[in-house]
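Undergrad: Sharing model22.txt here; it has compact mmCIF, C-alpha atoms.
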```txt
# COMPACT_ATOMS: atom_id res chain seq x y z
CA ASP A 36 3.70 -0.04 0.65
CA GLY A 37 0.03 -0.97 0.94
CA SER A 38 0.05 0.50 4.45
CA GLY A 39 1.77 3.62 3.13
CA MET A 40 -1.18 4.13 0.76
CA ASN A 41 -3.49 4.32 3.81
CA LEU A 42 -5.68 1.65 2.19
CA MET A 43 -4.52 -1.36 4.19
CA ASP A 44 -5.66 -2.49 7.61
CA ILE A 45 -2.24 -2.41 9.27
CA HIS A 46 -3.37 -4.83 11.99
CA SER A 47 -4.61 -7.53 9.61
CA VAL A 48 -2.88 -10.94 9.44
CA PRO A 49 -2.75 -11.96 6.66
CA PRO A 50 -2.74 -8.45 5.12
CA ALA A 51 -6.09 -7.10 3.94
CA TRP A 52 -7.44 -3.88 2.49
CA ASP A 53 -9.51 -1.76 4.84
CA PRO A 54 -12.97 -1.59 3.23
CA GLU A 55 -13.83 1.80 4.74
CA CYS A 56 -10.60 3.38 3.49
CA VAL A 57 -11.01 1.87 0.01
CA ALA A 58 -14.61 3.10 -0.16
CA ALA A 59 -13.68 6.61 1.02
CA ALA A 60 -10.84 6.91 -1.51
CA SER A 61 -13.14 5.62 -4.25
CA ARG A 62 -15.72 8.31 -3.50
CA LEU A 63 -13.05 11.00 -3.69
CA ILE A 64 -11.78 9.72 -7.05
CA ALA A 65 -15.28 9.40 -8.50
CA GLY A 66 -16.40 12.74 -7.11
CA ASP A 67 -19.57 11.02 -5.99
CA GLU A 68 -20.39 10.47 -2.33
CA ALA A 69 -22.75 7.66 -3.28
CA ALA A 70 -20.38 5.87 -5.68
CA SER A 71 -20.80 2.10 -5.39
CA PRO A 72 -19.24 -0.39 -5.74
CA PRO A 73 -15.90 1.15 -4.67
CA LEU A 74 -14.09 2.31 -7.79
CA LEU A 75 -10.64 1.44 -6.44
CA ALA A 76 -11.58 -2.16 -5.82
CA ARG A 77 -11.44 -2.75 -9.58
CA PHE A 78 -7.75 -1.79 -9.68
CA LEU A 79 -6.45 -3.36 -6.47
CA SER A 80 -5.29 -6.93 -6.04
CA PRO A 81 -7.66 -9.06 -3.94
CA ALA A 82 -5.39 -8.39 -0.95
CA PRO A 83 -1.94 -6.96 -0.23
CA VAL A 84 0.88 -9.41 0.40
CA ASP A 85 3.60 -9.45 3.03
CA SER A 86 6.78 -7.74 1.86
CA PHE A 87 8.73 -10.98 2.22
CA SER A 88 6.42 -12.85 -0.19
CA VAL A 89 7.56 -14.44 -3.43
CA LEU A 90 5.02 -13.52 -6.10
CA PRO A 91 3.55 -16.21 -8.38
CA SER A 92 4.93 -14.57 -11.52
CA ARG A 93 8.52 -14.81 -12.75
CA ILE A 94 10.65 -12.08 -14.28
CA ALA A 95 9.37 -10.57 -17.54
CA PRO A 96 11.05 -11.92 -20.71
CA TYR A 97 12.21 -8.38 -21.59
CA PHE A 98 14.44 -8.12 -18.50
CA ALA A 99 15.74 -11.66 -18.96
CA ALA A 100 16.75 -10.86 -22.55
CA ARG A 101 17.95 -7.30 -21.93
CA TYR A 102 19.91 -7.78 -18.70
CA GLY A 103 20.69 -11.49 -18.63
CA PHE A 104 18.46 -12.57 -15.76
CA SER A 105 17.50 -16.22 -15.63
CA PRO A 106 13.97 -16.71 -17.01
CA ALA A 107 13.25 -18.58 -13.76
CA CYS A 108 14.22 -15.53 -11.62
CA LYS A 109 11.75 -15.15 -8.74
CA ILE A 110 10.10 -11.82 -7.89
CA VAL A 111 9.73 -10.66 -4.29
CA ALA A 112 7.34 -7.90 -3.24
CA PHE A 113 9.30 -4.66 -3.20
CA SER A 114 9.41 -1.93 -0.58
CA GLY A 115 10.64 1.65 -0.32
CA ASP A 116 14.09 3.00 0.46
CA ASN A 117 13.47 3.64 4.15
CA PRO A 118 12.07 0.17 4.97
CA CYS A 119 14.96 -1.32 2.98
CA SER A 120 17.41 0.72 5.06
CA ILE A 121 16.08 -1.10 8.12
CA ALA A 122 17.10 -4.37 6.48
CA GLY A 123 20.40 -2.92 5.26
CA MET A 124 21.53 -2.10 8.78
CA GLY A 125 21.23 -5.75 9.85
CA SER A 126 19.35 -6.95 12.92
CA LEU A 127 17.67 -4.18 14.91
CA ARG A 128 16.80 -4.49 18.58
CA ASP A 129 14.25 -2.78 20.80
CA GLY A 130 15.20 0.85 21.35
CA ASP A 131 16.99 1.23 18.02
CA VAL A 132 16.02 4.27 15.95
CA LEU A 133 17.39 4.58 12.45
CA VAL A 134 17.97 8.15 11.25
CA SER A 135 18.45 8.59 7.51
CA LEU A 136 20.08 11.90 6.62
CA GLY A 137 19.73 12.85 2.96
CA THR A 138 17.75 15.12 0.66
CA SER A 139 14.94 14.43 3.08
CA ASP A 140 15.55 13.30 6.65
CA THR A 141 13.68 10.39 8.23
CA ALA A 142 13.63 8.74 11.63
CA PHE A 143 12.05 5.35 12.12
CA GLY A 144 12.26 2.12 14.06
CA ILE A 145 10.70 -1.29 14.59
CA ALA A 146 7.81 -1.60 17.04
CA GLY A 147 5.64 -4.42 18.34
CA GLU A 148 2.61 -2.13 18.65
CA ALA A 149 1.23 0.56 16.38
CA THR A 150 0.47 4.04 17.73
CA PRO A 151 -0.78 5.92 14.64
CA GLY A 152 -1.12 9.70 14.77
CA LEU A 153 -1.35 12.71 12.51
CA VAL A 154 2.29 13.64 13.06
CA ALA A 155 3.77 10.80 11.01
CA HIS A 156 3.30 7.38 9.41
CA VAL A 157 3.00 3.87 10.80
CA TYR A 158 3.78 1.18 8.23
CA ARG A 159 3.81 -2.55 8.48
CA SER A 160 7.37 -3.78 8.83
CA PRO A 161 8.83 -5.44 5.71
CA LEU A 162 10.64 -8.01 7.89
CA ALA A 163 8.01 -9.81 9.99
CA PRO A 164 4.28 -10.62 9.89
CA LYS A 165 3.05 -8.63 12.93
CA GLN A 166 5.55 -5.84 13.28
CA TYR A 167 5.32 -2.12 12.64
CA LEU A 168 7.57 0.60 11.29
CA PRO A 169 6.73 4.05 12.73
CA LEU A 170 8.36 6.73 10.57
CA VAL A 171 8.56 10.51 10.56
CA CYS A 172 9.81 12.27 7.43
CA TYR A 173 11.14 15.81 6.99
CA SER A 174 11.41 17.40 3.55
CA ASN A 175 14.11 19.86 4.65
CA GLY A 176 17.23 17.73 4.81
CA SER A 177 20.68 18.06 3.30
CA LEU A 178 19.74 20.67 0.68
CA THR A 179 18.48 22.96 3.44
CA ARG A 180 21.66 22.39 5.47
CA GLN A 181 23.61 23.16 2.31
CA ALA A 182 21.64 26.40 1.86
CA ILE A 183 22.72 27.51 5.35
CA ARG A 184 26.28 26.46 4.54
CA ASP A 185 26.14 28.67 1.44
CA GLY A 186 24.77 31.69 3.29
CA TRP A 187 20.96 31.45 3.30
CA GLY A 188 19.69 33.87 5.92
CA ALA A 189 23.09 35.48 6.55
CA ALA A 190 23.92 39.14 6.01
CA VAL A 191 26.82 38.15 3.74
CA ALA A 192 26.90 34.96 1.73
CA ALA A 193 29.40 32.41 3.01
CA GLY A 194 32.63 32.54 1.11
CA ALA A 195 31.98 36.01 -0.27
CA GLY A 196 35.24 37.69 -1.15
CA GLU A 197 37.15 34.44 -0.77
CA GLU A 198 38.84 32.45 -3.48
CA SER A 199 37.15 29.17 -2.49
CA SER A 200 33.44 28.47 -2.23
CA PRO A 201 31.85 27.30 1.05
CA ASN A 202 32.54 23.70 2.00
CA TRP A 203 31.42 21.26 4.67
CA ALA A 204 34.68 21.43 6.61
CA GLU A 205 34.20 25.19 7.03
CA PHE A 206 30.55 24.67 7.99
CA GLU A 207 31.43 22.14 10.70
CA ALA A 208 34.18 24.39 12.02
CA GLU A 209 31.62 27.20 12.35
CA CYS A 210 29.17 24.89 14.17
CA ALA A 211 31.88 23.99 16.68
CA LYS A 212 32.29 27.64 17.63
CA ALA A 213 28.74 27.79 19.07
CA PRO A 214 28.07 25.98 22.38
CA PRO A 215 25.69 23.02 22.70
CA GLY A 216 22.22 24.48 23.16
CA ASN A 217 23.22 27.43 20.94
CA SER A 218 22.77 29.92 23.79
CA GLY A 219 19.03 29.26 23.62
CA VAL A 220 18.57 30.16 19.95
CA VAL A 221 16.06 27.80 18.30
CA GLY A 222 15.22 27.74 14.61
CA PHE A 223 12.90 26.31 11.97
CA PHE A 224 14.43 25.97 8.52
CA PHE A 225 11.84 25.56 5.76
CA LYS A 226 13.64 26.10 2.49
CA VAL A 227 10.88 23.96 0.96
CA PRO A 228 7.41 23.25 2.43
CA GLU A 229 7.80 21.04 5.49
CA ILE A 230 5.87 17.90 6.39
CA VAL A 231 6.32 17.94 10.18
CA PRO A 232 5.47 20.41 11.53
CA ARG A 233 3.45 21.26 8.44
CA GLY A 234 4.45 24.64 7.09
CA ASP A 235 5.06 26.52 3.87
CA SER A 236 8.52 27.44 2.68
CA SER A 237 9.86 30.65 4.17
CA GLU A 238 11.94 33.39 2.61
CA LEU A 239 14.35 33.24 5.55
CA PRO A 240 14.92 30.83 8.45
CA LEU A 241 12.69 31.31 11.50
CA LEU A 242 14.91 31.98 14.51
CA PHE A 243 13.93 32.72 18.10
CA SER A 244 15.96 33.61 21.17
CA GLN A 245 15.66 31.82 24.50
CA ASP A 246 13.55 34.51 26.15
CA SER A 247 11.31 35.94 23.42
CA ASP A 248 8.71 34.67 20.99
CA THR A 249 9.55 37.51 18.63
CA ARG A 250 11.30 36.30 15.52
CA LEU A 251 14.97 37.26 15.22
CA ASP A 252 16.43 39.06 12.24
CA THR A 253 18.69 36.34 10.83
CA THR A 254 21.08 38.90 9.35
CA THR A 255 21.99 39.93 12.92
CA VAL A 256 22.77 36.35 13.99
CA ASP A 257 26.40 35.27 13.74
CA ARG A 258 27.35 32.44 11.43
CA PRO A 259 28.28 29.84 14.11
CA THR A 260 24.85 30.27 15.74
CA LEU A 261 23.05 29.93 12.39
CA CYS A 262 25.03 26.83 11.43
CA ARG A 263 24.47 25.11 14.77
CA ALA A 264 20.78 26.06 14.78
CA VAL A 265 20.04 24.14 11.57
CA LEU A 266 21.60 20.97 13.03
CA GLU A 267 19.98 21.27 16.45
CA SER A 268 16.60 21.99 14.86
CA ARG A 269 16.63 18.63 13.12
CA ALA A 270 17.75 16.71 16.21
CA LEU A 271 15.13 18.42 18.41
CA ALA A 272 12.38 17.66 15.90
CA ILE A 273 13.40 14.00 15.73
CA ARG A 274 13.36 13.69 19.51
CA ARG A 275 9.90 15.24 19.82
CA HIS A 276 8.19 13.46 16.97
CA CYS A 277 9.71 10.04 17.69
CA ALA A 278 8.33 10.30 21.23
CA MET A 279 4.88 10.96 19.74
CA LEU A 280 5.22 7.66 17.84
CA GLY A 281 6.29 5.75 20.93
CA LEU A 282 9.95 5.60 19.86
CA HIS A 283 12.45 6.39 22.63
CA PRO A 284 15.94 5.74 21.26
CA ALA A 285 18.41 3.76 23.33
CA ARG A 286 20.67 3.59 20.27
CA VAL A 287 20.69 5.65 17.06
CA LEU A 288 21.79 4.12 13.76
CA ALA A 289 22.71 6.86 11.27
CA THR A 290 22.66 6.36 7.53
CA GLY A 291 22.47 8.49 4.39
CA GLY A 292 24.99 10.89 2.90
CA ALA A 293 24.98 13.36 5.80
CA SER A 294 25.85 10.57 8.24
CA ALA A 295 29.45 11.41 7.31
CA SER A 296 29.13 14.63 9.34
CA LYS A 297 30.75 14.19 12.75
CA VAL A 298 29.20 17.40 14.10
CA LEU A 299 25.69 16.39 13.04
CA LEU A 300 26.09 12.93 14.59
CA GLN A 301 27.38 14.43 17.86
CA THR A 302 24.40 16.79 17.91
CA LEU A 303 22.04 13.84 17.52
CA ALA A 304 23.80 11.97 20.32
CA ASP A 305 23.62 14.94 22.69
CA VAL A 306 20.00 15.92 21.95
CA LEU A 307 18.68 12.34 22.00
CA GLN A 308 21.07 11.32 24.81
CA ALA A 309 21.82 8.07 23.02
CA PRO A 310 24.95 6.67 21.35
CA VAL A 311 25.08 7.02 17.57
CA TYR A 312 26.37 4.22 15.37
CA THR A 313 27.12 4.00 11.68
CA ALA A 314 27.55 0.95 9.46
CA ALA A 315 30.44 0.32 7.12
CA GLU A 316 28.08 0.66 4.17
CA ALA A 317 25.73 3.16 5.81
CA PRO A 318 25.32 5.53 2.83
CA ASN A 319 24.23 2.51 0.72
CA SER A 320 22.09 0.77 3.32
CA ALA A 321 18.89 0.98 1.24
CA SER A 322 20.33 -0.83 -1.79
CA ARG A 323 22.01 -3.45 0.39
CA GLY A 324 18.78 -3.89 2.33
CA ALA A 325 16.82 -4.43 -0.90
CA ALA A 326 19.20 -7.24 -1.85
CA MET A 327 18.88 -8.76 1.63
CA ARG A 328 15.09 -8.51 1.42
CA ALA A 329 15.10 -10.38 -1.90
CA TYR A 330 17.14 -13.13 -0.23
CA HIS A 331 14.77 -13.09 2.75
CA GLY A 332 11.73 -13.46 0.49
CA VAL A 333 13.13 -16.55 -1.21
CA GLU A 334 14.05 -18.05 2.17
CA CYS A 335 10.47 -17.48 3.38
CA GLU A 336 8.87 -19.15 0.36
CA SER A 337 7.82 -22.29 2.23
CA GLU A 338 7.69 -20.92 5.79
CA PHE A 339 8.62 -17.72 7.58
CA VAL A 340 12.29 -17.39 8.53
CA PRO A 341 13.35 -14.62 10.97
CA PHE A 342 15.35 -11.95 9.18
CA SER A 343 17.93 -12.01 11.97
CA SER A 344 18.89 -15.56 11.04
CA LEU A 345 19.88 -14.37 7.56
CA VAL A 346 22.14 -11.71 9.03
CA GLU A 347 23.76 -14.29 11.29
CA ARG A 348 24.40 -16.52 8.27
CA ALA A 349 25.81 -13.70 6.13
CA SER A 350 29.07 -14.72 4.46
CA ASP A 351 30.82 -11.67 5.85
CA ALA A 352 29.42 -10.71 9.24
CA ASN A 353 31.60 -7.59 9.23
CA GLU A 354 29.33 -6.15 6.54
CA PHE A 355 26.70 -5.67 9.26
CA SER A 356 28.99 -4.51 12.03
CA LEU A 357 28.24 -1.12 13.53
CA THR A 358 30.83 1.46 14.47
CA LEU A 359 30.27 3.71 17.47
CA ALA A 360 30.49 7.24 16.04
CA CYS A 361 29.51 9.38 19.03
CA GLU A 362 28.60 9.01 22.69
CA PRO A 363 26.19 11.51 24.30
CA ARG A 364 28.00 14.02 26.45
CA GLN A 365 26.41 13.91 29.89
CA GLU A 366 27.25 17.54 30.54
CA THR A 367 24.85 18.54 27.74
CA ARG A 368 21.82 16.67 29.15
CA GLU A 369 20.36 19.49 31.25
CA THR A 370 21.03 22.04 28.51
CA TYR A 371 19.10 20.07 25.94
CA GLU A 372 16.26 19.32 28.36
CA ARG A 373 15.71 23.08 28.60
CA VAL A 374 16.12 23.62 24.87
CA MET A 375 13.72 20.73 24.18
CA ASP A 376 11.01 22.39 26.27
CA ARG A 377 11.61 25.63 24.41
CA TYR A 378 11.49 23.92 21.01
CA CYS A 379 8.17 22.19 21.80
CA ALA A 380 6.59 25.44 23.01
CA LEU A 381 7.72 27.29 19.89
CA GLU A 382 6.58 24.54 17.53
CA ASP A 383 3.12 24.59 19.11
CA LYS A 384 2.95 28.38 18.99
CA VAL A 385 4.34 28.98 15.50
CA PHE A 386 2.52 26.01 13.91
CA PRO A 387 -0.60 25.71 16.12
CA THR A 388 -2.70 23.73 13.65
CA GLY A 389 -0.05 22.38 11.25
CA SER A 390 -2.14 23.97 8.51
CA GLY A 391 0.78 25.44 6.61
CA ALA A 392 0.33 29.12 7.32
CA SER A 393 2.87 31.32 5.58
CA HIS A 394 5.93 32.46 7.52
CA ALA A 395 7.73 34.40 4.81
```
Can you dump the structure from the file as structure tokens?
TA:
Amino acid sequence: DGSGMNLMDIHSVPPAWDPECVAAASRLIAGDEAASPPLLARFLSPAPVDSFSVLPSRIAPYFAARYGFSPACKIVAFSGDNPCSIAGMGSLRDGDVLVSLGTSDTAFGIAGEATPGLVAHVYRSPLAPKQYLPLVCYSNGSLTRQAIRDGWGAAVAAGAGEESSPNWAEFEAECAKAPPGNSGVVGFFFKVPEIVPRGDSSELPLLFSQDSDTRLDTTTVDRPTLCRAVLESRALAIRRHCAMLGLHPARVLATGGASASKVLLQTLADVLQAPVYTAAEAPNSASRGAAMRAYHGVECESEFVPFSSLVERASDANEFSLTLACEPRQETRETYERVMDRYCALEDKVFPTGSGASHA
């Protein structure tokens, strides 16, 4: 989390604050370019700690009394939900990319080298001393997919005139009616302001045909095309932005609530041309990973222990078994190569500076 604050030198071993970053942030807070000594230094610990460190303090008496913890309960440095999902999926190997599909969507993996860029984040891994966690996050996740399911951008709201409201089974059936590649239709779906590519929310989805840079009128686009476009848009974005971070998936591990969607997982497999796996507890991988990280921290108290050894010693190895959900369909490879080129060209044209220009 220190690296996520952009105040830590992500290459430092042991972890250390970056003095230039701390000084720059201090000047911004103080509103004084000449502020010295750095204001933030008064509030930061002397140095960050590795995420698998046991802290010198023990649990607060309040929590011991209120929830029954042992007063001797050890405290391990915490981490966020996405890094904990890495732990919750068990041992990762080179070429694994974890895709978390929820209110926001994220794609991330473990890397031996850091390639920072403006497109996304590079954190220190919570599992090893000199390891990195490149991550790209999208704010338009399941709620935006749900908006399309419910008729956002369509001429007639989904389910209008029917006794039942729209549901995911109907949405997936509509997606299946459109061919892979969506006949060249590519979209950007910014129900809320997007992080990558940076853009403001739009009144309607931004849709483009395969042979024109002129925006389509979404009310003239049939429902199967609109439904498939929102899924392909996410998969295409993940493929492009992961490549910018040096992540080239040989295997995709899907987690989060939307990982239950067979059509979405197949779209990821086809666009990324990699098999997609899920875990038995995939929707709860973050909470399970947090528990595993606590265990890991205690095990590392005297000397570092590889996280993989904890997974191997797990009482029930099946808890970390992965299930193959989808294989990439080879017949879609050439189609998505063409669509990928089109997506990249449109992203660069529509969002040339990532400055968040309005597209209402």
Undergrad: Could you check which of A:Gly130, A:Gly37, A:Gly144, A:Pro363 is closest to A:Pro118, using all atoms listed in the file?
TA: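 Distance minimum relative to A:Pro118 lands on A:Gly144.
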Undergrad: So how far away is atom CA of A:Pro214 from atom CA of A:Ser236, in Å?
TA: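 Taking atom CA of A:Ser236 as the start and atom CA of A:Pro214 as the end point, the length is 27.8 Å.
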Undergrad: Env of A:Met279: 12 Å cut, atoms = all atoms listed in the file, seq-sep filter 2 positions within chain, self excluded. Answer as a CSV table (one decimal) with C-alpha atoms, in the frame of the given file.
TA:
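Generated output (around38.csv):
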```csv
chain,number,residue,atom,x,y,z
A,143,PHE,CA,12.0,5.4,12.1
A,149,ALA,CA,1.2,0.6,16.4
A,150,THR,CA,0.5,4.0,17.7
A,151,PRO,CA,-0.8,5.9,14.6
A,152,GLY,CA,-1.1,9.7,14.8
A,153,LEU,CA,-1.4,12.7,12.5
A,154,VAL,CA,2.3,13.6,13.1
A,155,ALA,CA,3.8,10.8,11.0
A,156,HIS,CA,3.3,7.4,9.4
A,157,VAL,CA,3.0,3.9,10.8
A,169,PRO,CA,6.7,4.0,12.7
A,170,LEU,CA,8.4,6.7,10.6
A,171,VAL,CA,8.6,10.5,10.6
A,231,VAL,CA,6.3,17.9,10.2
A,272,ALA,CA,12.4,17.7,15.9
A,273,ILE,CA,13.4,14.0,15.7
A,274,ARG,CA,13.4,13.7,19.5
A,275,ARG,CA,9.9,15.2,19.8
A,276,HIS,CA,8.2,13.5,17.0
A,277,CYS,CA,9.7,10.0,17.7
A,281,GLY,CA,6.3,5.8,20.9
A,282,LEU,CA,10.0,5.6,19.9
A,283,HIS,CA,12.4,6.4,22.6
A,379,CYS,CA,8.2,22.2,21.8
```
Undergrad: Grab the atom CA of A:Phe104 to atom CA of A:Asn117 distance for me, in Å with one decimal place.
TA: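 Distance between the two atoms: 26.2 Å.
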Undergrad: Go through stretch 137-174 of chain A residue by residue and, counting all atoms listed in the file, keep those with an atom at most 12 Å from stretch 292-303 of chain A; for each kept residue give the shortest atom pair and its distance in Å to one decimal, ordered by chain and increasing number, as a Markdown table.
TA:
```
| residue | atom | partner | partner_atom | distance |
| --- | --- | --- | --- | --- |
| A:Gly137 | CA | A:Gly292 | CA | 5.6 |
| A:Thr138 | CA | A:Gly292 | CA | 8.7 |
| A:Ser139 | CA | A:Ala293 | CA | 10.5 |
| A:Asp140 | CA | A:Ala293 | CA | 9.5 |
| A:Thr141 | CA | A:Ala293 | CA | 11.9 |
| A:Ala142 | CA | A:Leu303 | CA | 11.5 |
```
Undergrad: Rebuild stretch 125-141 of chain A to N, CA, C and O atoms - output it as a PDB file, keeping the file's coordinate frame, please.
TA:
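Wrote it out as selection_20.pdb, contents follow:
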```pdb
ATOM      1  N   GLY A 125      21.103  -4.496   9.128  1.00  0.00           N
ATOM      2  CA  GLY A 125      21.230  -5.750   9.850  1.00  0.00           C
ATOM      3  C   GLY A 125      20.111  -5.930  10.857  1.00  0.00           C
ATOM      4  O   GLY A 125      19.013  -5.402  10.698  1.00  0.00           O
ATOM      5  N   SER A 126      20.374  -6.664  11.915  1.00  0.00           N
ATOM      6  CA  SER A 126      19.350  -6.950  12.920  1.00  0.00           C
ATOM      7  C   SER A 126      19.192  -5.748  13.854  1.00  0.00           C
ATOM      8  O   SER A 126      20.167  -5.283  14.454  1.00  0.00           O
ATOM      9  N   LEU A 127      17.961  -5.266  13.982  1.00  0.00           N
ATOM     10  CA  LEU A 127      17.670  -4.180  14.910  1.00  0.00           C
ATOM     11  C   LEU A 127      17.133  -4.764  16.209  1.00  0.00           C
ATOM     12  O   LEU A 127      16.549  -5.843  16.227  1.00  0.00           O
ATOM     13  N   ARG A 128      17.316  -4.034  17.289  1.00  0.00           N
ATOM     14  CA  ARG A 128      16.800  -4.490  18.580  1.00  0.00           C
ATOM     15  C   ARG A 128      15.906  -3.397  19.155  1.00  0.00           C
ATOM     16  O   ARG A 128      15.893  -2.258  18.668  1.00  0.00           O
ATOM     17  N   ASP A 129      15.143  -3.751  20.174  1.00  0.00           N
ATOM     18  CA  ASP A 129      14.250  -2.780  20.800  1.00  0.00           C
ATOM     19  C   ASP A 129      15.057  -1.563  21.254  1.00  0.00           C
ATOM     20  O   ASP A 129      16.129  -1.699  21.847  1.00  0.00           O
ATOM     21  N   GLY A 130      14.513  -0.378  20.974  1.00  0.00           N
ATOM     22  CA  GLY A 130      15.200   0.850  21.350  1.00  0.00           C
ATOM     23  C   GLY A 130      16.075   1.423  20.265  1.00  0.00           C
ATOM     24  O   GLY A 130      16.625   2.520  20.419  1.00  0.00           O
ATOM     25  N   ASP A 131      16.223   0.706  19.141  1.00  0.00           N
ATOM     26  CA  ASP A 131      16.990   1.230  18.020  1.00  0.00           C
ATOM     27  C   ASP A 131      16.127   2.186  17.201  1.00  0.00           C
ATOM     28  O   ASP A 131      14.977   1.866  16.877  1.00  0.00           O
ATOM     29  N   VAL A 132      16.673   3.331  16.872  1.00  0.00           N
ATOM     30  CA  VAL A 132      16.020   4.270  15.950  1.00  0.00           C
ATOM     31  C   VAL A 132      16.992   4.556  14.824  1.00  0.00           C
ATOM     32  O   VAL A 132      18.148   4.931  15.070  1.00  0.00           O
ATOM     33  N   LEU A 133      16.554   4.328  13.613  1.00  0.00           N
ATOM     34  CA  LEU A 133      17.390   4.580  12.450  1.00  0.00           C
ATOM     35  C   LEU A 133      17.094   5.980  11.931  1.00  0.00           C
ATOM     36  O   LEU A 133      15.929   6.330  11.707  1.00  0.00           O
ATOM     37  N   VAL A 134      18.120   6.781  11.762  1.00  0.00           N
ATOM     38  CA  VAL A 134      17.970   8.150  11.250  1.00  0.00           C
ATOM     39  C   VAL A 134      18.680   8.219   9.901  1.00  0.00           C
ATOM     40  O   VAL A 134      19.891   8.005   9.811  1.00  0.00           O
ATOM     41  N   SER A 135      17.905   8.470   8.866  1.00  0.00           N
ATOM     42  CA  SER A 135      18.450   8.590   7.510  1.00  0.00           C
ATOM     43  C   SER A 135      18.571  10.064   7.164  1.00  0.00           C
ATOM     44  O   SER A 135      17.580  10.807   7.206  1.00  0.00           O
ATOM     45  N   LEU A 136      19.779  10.485   6.849  1.00  0.00           N
ATOM     46  CA  LEU A 136      20.080  11.900   6.620  1.00  0.00           C
ATOM     47  C   LEU A 136      20.439  12.110   5.161  1.00  0.00           C
ATOM     48  O   LEU A 136      21.539  11.779   4.717  1.00  0.00           O
ATOM     49  N   GLY A 137      19.505  12.649   4.397  1.00  0.00           N
ATOM     50  CA  GLY A 137      19.730  12.850   2.960  1.00  0.00           C
ATOM     51  C   GLY A 137      18.965  14.051   2.474  1.00  0.00           C
ATOM     52  O   GLY A 137      18.755  15.011   3.217  1.00  0.00           O
ATOM     53  N   THR A 138      18.541  14.016   1.217  1.00  0.00           N
ATOM     54  CA  THR A 138      17.750  15.120   0.660  1.00  0.00           C
ATOM     55  C   THR A 138      16.548  15.390   1.545  1.00  0.00           C
ATOM     56  O   THR A 138      16.194  16.537   1.821  1.00  0.00           O
ATOM     57  N   SER A 139      15.893  14.336   1.982  1.00  0.00           N
ATOM     58  CA  SER A 139      14.940  14.430   3.080  1.00  0.00           C
ATOM     59  C   SER A 139      15.518  13.656   4.248  1.00  0.00           C
ATOM     60  O   SER A 139      16.355  12.770   4.065  1.00  0.00           O
ATOM     61  N   ASP A 140      15.104  13.996   5.454  1.00  0.00           N
ATOM     62  CA  ASP A 140      15.550  13.300   6.650  1.00  0.00           C
ATOM     63  C   ASP A 140      14.404  12.444   7.169  1.00  0.00           C
ATOM     64  O   ASP A 140      13.236  12.875   7.156  1.00  0.00           O
ATOM     65  N   THR A 141      14.700  11.248   7.636  1.00  0.00           N
ATOM     66  CA  THR A 141      13.680  10.390   8.230  1.00  0.00           C
ATOM     67  C   THR A 141      14.209   9.766   9.503  1.00  0.00           C
ATOM     68  O   THR A 141      15.413   9.566   9.658  1.00  0.00           O
TER      69      THR A 141
END
```
